[in-house]
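Asks: Below is a structure I'd like to ask you about.
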Amino acid sequence: MGLNTRKGEREGDFGLAALPGREDEARAAIDEAVSYAAAVGAGAVHVMAGRVAESTLAETAFAENLAYACSAAAARGIGILIEPINHRDVPGYFLSRVEQAADVIARVGATNLKIMFDCYHTQIMQGDLLNRFIAHRPLIGHVQIAAVPSRAEPDEGEVCYERLLPAMRDEGYDGYIGAEYRPRAGTDAGLGWREAYTQS
């Protein structure tokens, strides 16, 4: 189980960690999320980067805030996740590519910092899901799925999860798969998609 840091209090905020000049807000949101995660037994906190153009200042703010988050989380046995998010759904989001996330992790150098590999976002921005997953497998801490392009239940669209998810398991991924989608007709009504995976 995991949770997100606060998006922020200003209109248009979608995270704070990569926003130069808002470090105090970002770290307050990190402290809050780590505290909540410890209280409910969550294993990870997703630190949201926010909307800002790529720049040296944004890269530095993100790396320094993540280092702070990793230190605070490690003291409680909690992991930190960063998630590349597509620019169609969230225009201007700072972290949008898996390779960019890998570079950030290398810069921070914390063992409890991992990538949230959201297949929906990555397919929209970059594609080549399995090869990209394999190339970054040691850095991936969580996987999420949804149909592309609808973001509905993962039983439609251009990604064949019935083949992709077993292939990810074959590469050694044994963590949870998060189904982060918008139900077509309500959560309960849409759960039939899981039947395809009960024997896989």
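Chains: A, B, ... in order of the structure tokens. Residues: from 1 per chain. Ligands: from 1, in order shown.
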If we count only C-alpha atoms and set the cut-off at 7 Å, which residues sit around Ala179 of chain A, ignoring sequence neighbours fewer than 6 positions away in its own chain? Please answer as a PyMOL selection string.
Replies: chain A and resi 144-146
Asks: Need to verify the contact set: Glu153 of chain A, 6 Å, only C-alpha atoms, exclusion of same-chain residues closer than 4 positions in sequence. Can you return it as a list of chain:residue names?
Replies: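 My reading of the contact set: A:Ala146, A:Ala147, A:Tyr181, A:Pro183.
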Asks: Determine which residues of chain A DSSP labels as strand (DSSP E or B) from the backbone of this structure, then write them out as a PyMOL selection string.
Replies: chain A and resi 2-4+15+44-46+49+51+79-82+93+113-118+140-145+148+157+177-179
Asks: DSSP says helix (DSSP H, G or I) for which residues of segment 14-155 of chain A? Put them as a PyMOL selection string?
Replies: chain A and resi 23-40+56-74+98-108+119-125+129-135+137-139
Asks: Rounded to one decimal place, report the atom CA of Ile105 of chain A-atom CA of Cys160 of chain A distance in Å.
Replies: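 For atom CA of Ile105 of chain A relative to atom CA of Cys160 of chain A, the distance reads 28.9 Å.
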Asks: Identify which of the residues A:Glu99, A:Glu83, A:Asp170, A:Glu162 lies closest to Asn4 of chain A, counting only C-alpha atoms when measuring atom-to-atom distances.
Replies: A:Glu83
Asks: Excluding Glu25 of chain A and any residue of its chain fewer than 2 positions from it, enumerate the residues within 10 Å of it, using only C-alpha atoms, and give them as an MDAnalysis selection string.
Replies: chainID A and resid 6 8:9 15:17 19 21:23 27:31
Asks: Write the selection just made, keeping N, CA and C atoms, as a CSV table (one decimal), in the first residue's frame?
Replies:
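And here's again-v1.csv as it stands now:
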```
chain,number,residue,atom,x,y,z
A,6,ARG,N,0.8,15.6,-0.9
A,6,ARG,CA,-0.2,16.5,-1.3
A,6,ARG,C,0.2,17.2,-2.6
A,8,GLY,N,-0.6,20.2,-3.4
A,8,GLY,CA,-0.3,21.7,-3.2
A,8,GLY,C,-1.6,22.4,-3.0
A,9,GLU,N,-1.5,23.6,-2.5
A,9,GLU,CA,-2.7,24.4,-2.2
A,9,GLU,C,-3.1,25.5,-3.3
A,15,GLY,N,1.7,18.6,-7.3
A,15,GLY,CA,2.9,18.3,-6.6
A,15,GLY,C,3.8,19.5,-6.4
A,16,LEU,N,4.8,19.3,-5.6
A,16,LEU,CA,5.6,20.4,-5.2
A,16,LEU,C,7.1,20.2,-5.2
A,17,ALA,N,7.5,18.9,-5.3
A,17,ALA,CA,8.9,18.6,-5.0
A,17,ALA,C,9.9,19.2,-6.0
A,19,LEU,N,9.5,22.1,-7.6
A,19,LEU,CA,9.2,23.6,-7.8
A,19,LEU,C,10.2,24.4,-7.0
A,21,GLY,N,11.9,27.3,-5.0
A,21,GLY,CA,11.3,28.3,-4.2
A,21,GLY,C,10.1,27.9,-3.3
A,22,ARG,N,9.7,26.6,-3.5
A,22,ARG,CA,8.6,26.1,-2.6
A,22,ARG,C,9.1,24.9,-1.8
A,23,GLU,N,10.4,24.9,-1.5
A,23,GLU,CA,11.0,23.7,-0.8
A,23,GLU,C,10.3,23.5,0.6
A,27,ARG,N,8.6,20.0,1.6
A,27,ARG,CA,9.1,19.1,2.7
A,27,ARG,C,8.0,19.0,3.8
A,28,ALA,N,7.2,20.0,3.9
A,28,ALA,CA,6.0,19.8,4.8
A,28,ALA,C,5.1,18.7,4.3
A,29,ALA,N,4.9,18.7,3.0
A,29,ALA,CA,4.0,17.6,2.4
A,29,ALA,C,4.7,16.3,2.5
A,30,ILE,N,6.0,16.2,2.4
A,30,ILE,CA,6.7,15.0,2.6
A,30,ILE,C,6.6,14.5,4.0
A,31,ASP,N,6.8,15.3,5.0
A,31,ASP,CA,6.7,15.0,6.4
A,31,ASP,C,5.3,14.4,6.7
```
Asks: Find the residues around Gln123 of chain A up to 10 Å (only C-alpha atoms counted), leave out those fewer than 6 positions away in its own chain, and share them as a PyMOL selection string.
Replies: chain A and resi 86+129+147-149+158-159
Asks: Mind dumping the selected residues with C-alpha atoms as an mmCIF file, in the first residue's frame?
Replies:
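Dumped everything to again-v2.cif:
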```cif
data_model
loop_
_atom_site.group_PDB
_atom_site.id
_atom_site.type_symbol
_atom_site.label_atom_id
_atom_site.label_comp_id
_atom_site.auth_asym_id
_atom_site.auth_seq_id
_atom_site.Cartn_x
_atom_site.Cartn_y
_atom_site.Cartn_z
ATOM 1 C CA ASN A 86 2.191 11.883 -19.296
ATOM 2 C CA LEU A 129 6.821 -0.974 -22.415
ATOM 3 C CA ALA A 147 -6.306 0.863 -20.549
ATOM 4 C CA VAL A 148 -4.649 3.087 -23.136
ATOM 5 C CA PRO A 149 -5.889 5.534 -24.296
ATOM 6 C CA GLU A 158 -3.676 -0.861 -27.250
ATOM 7 C CA VAL A 159 -1.783 -2.617 -24.423
#
```
Asks: Taking into account only C-alpha atoms, which residue in the set A:Pro20, A:Leu66, A:Arg76, A:Ser71 is nearest to Gly41 of chain A?
Replies: A:Arg76
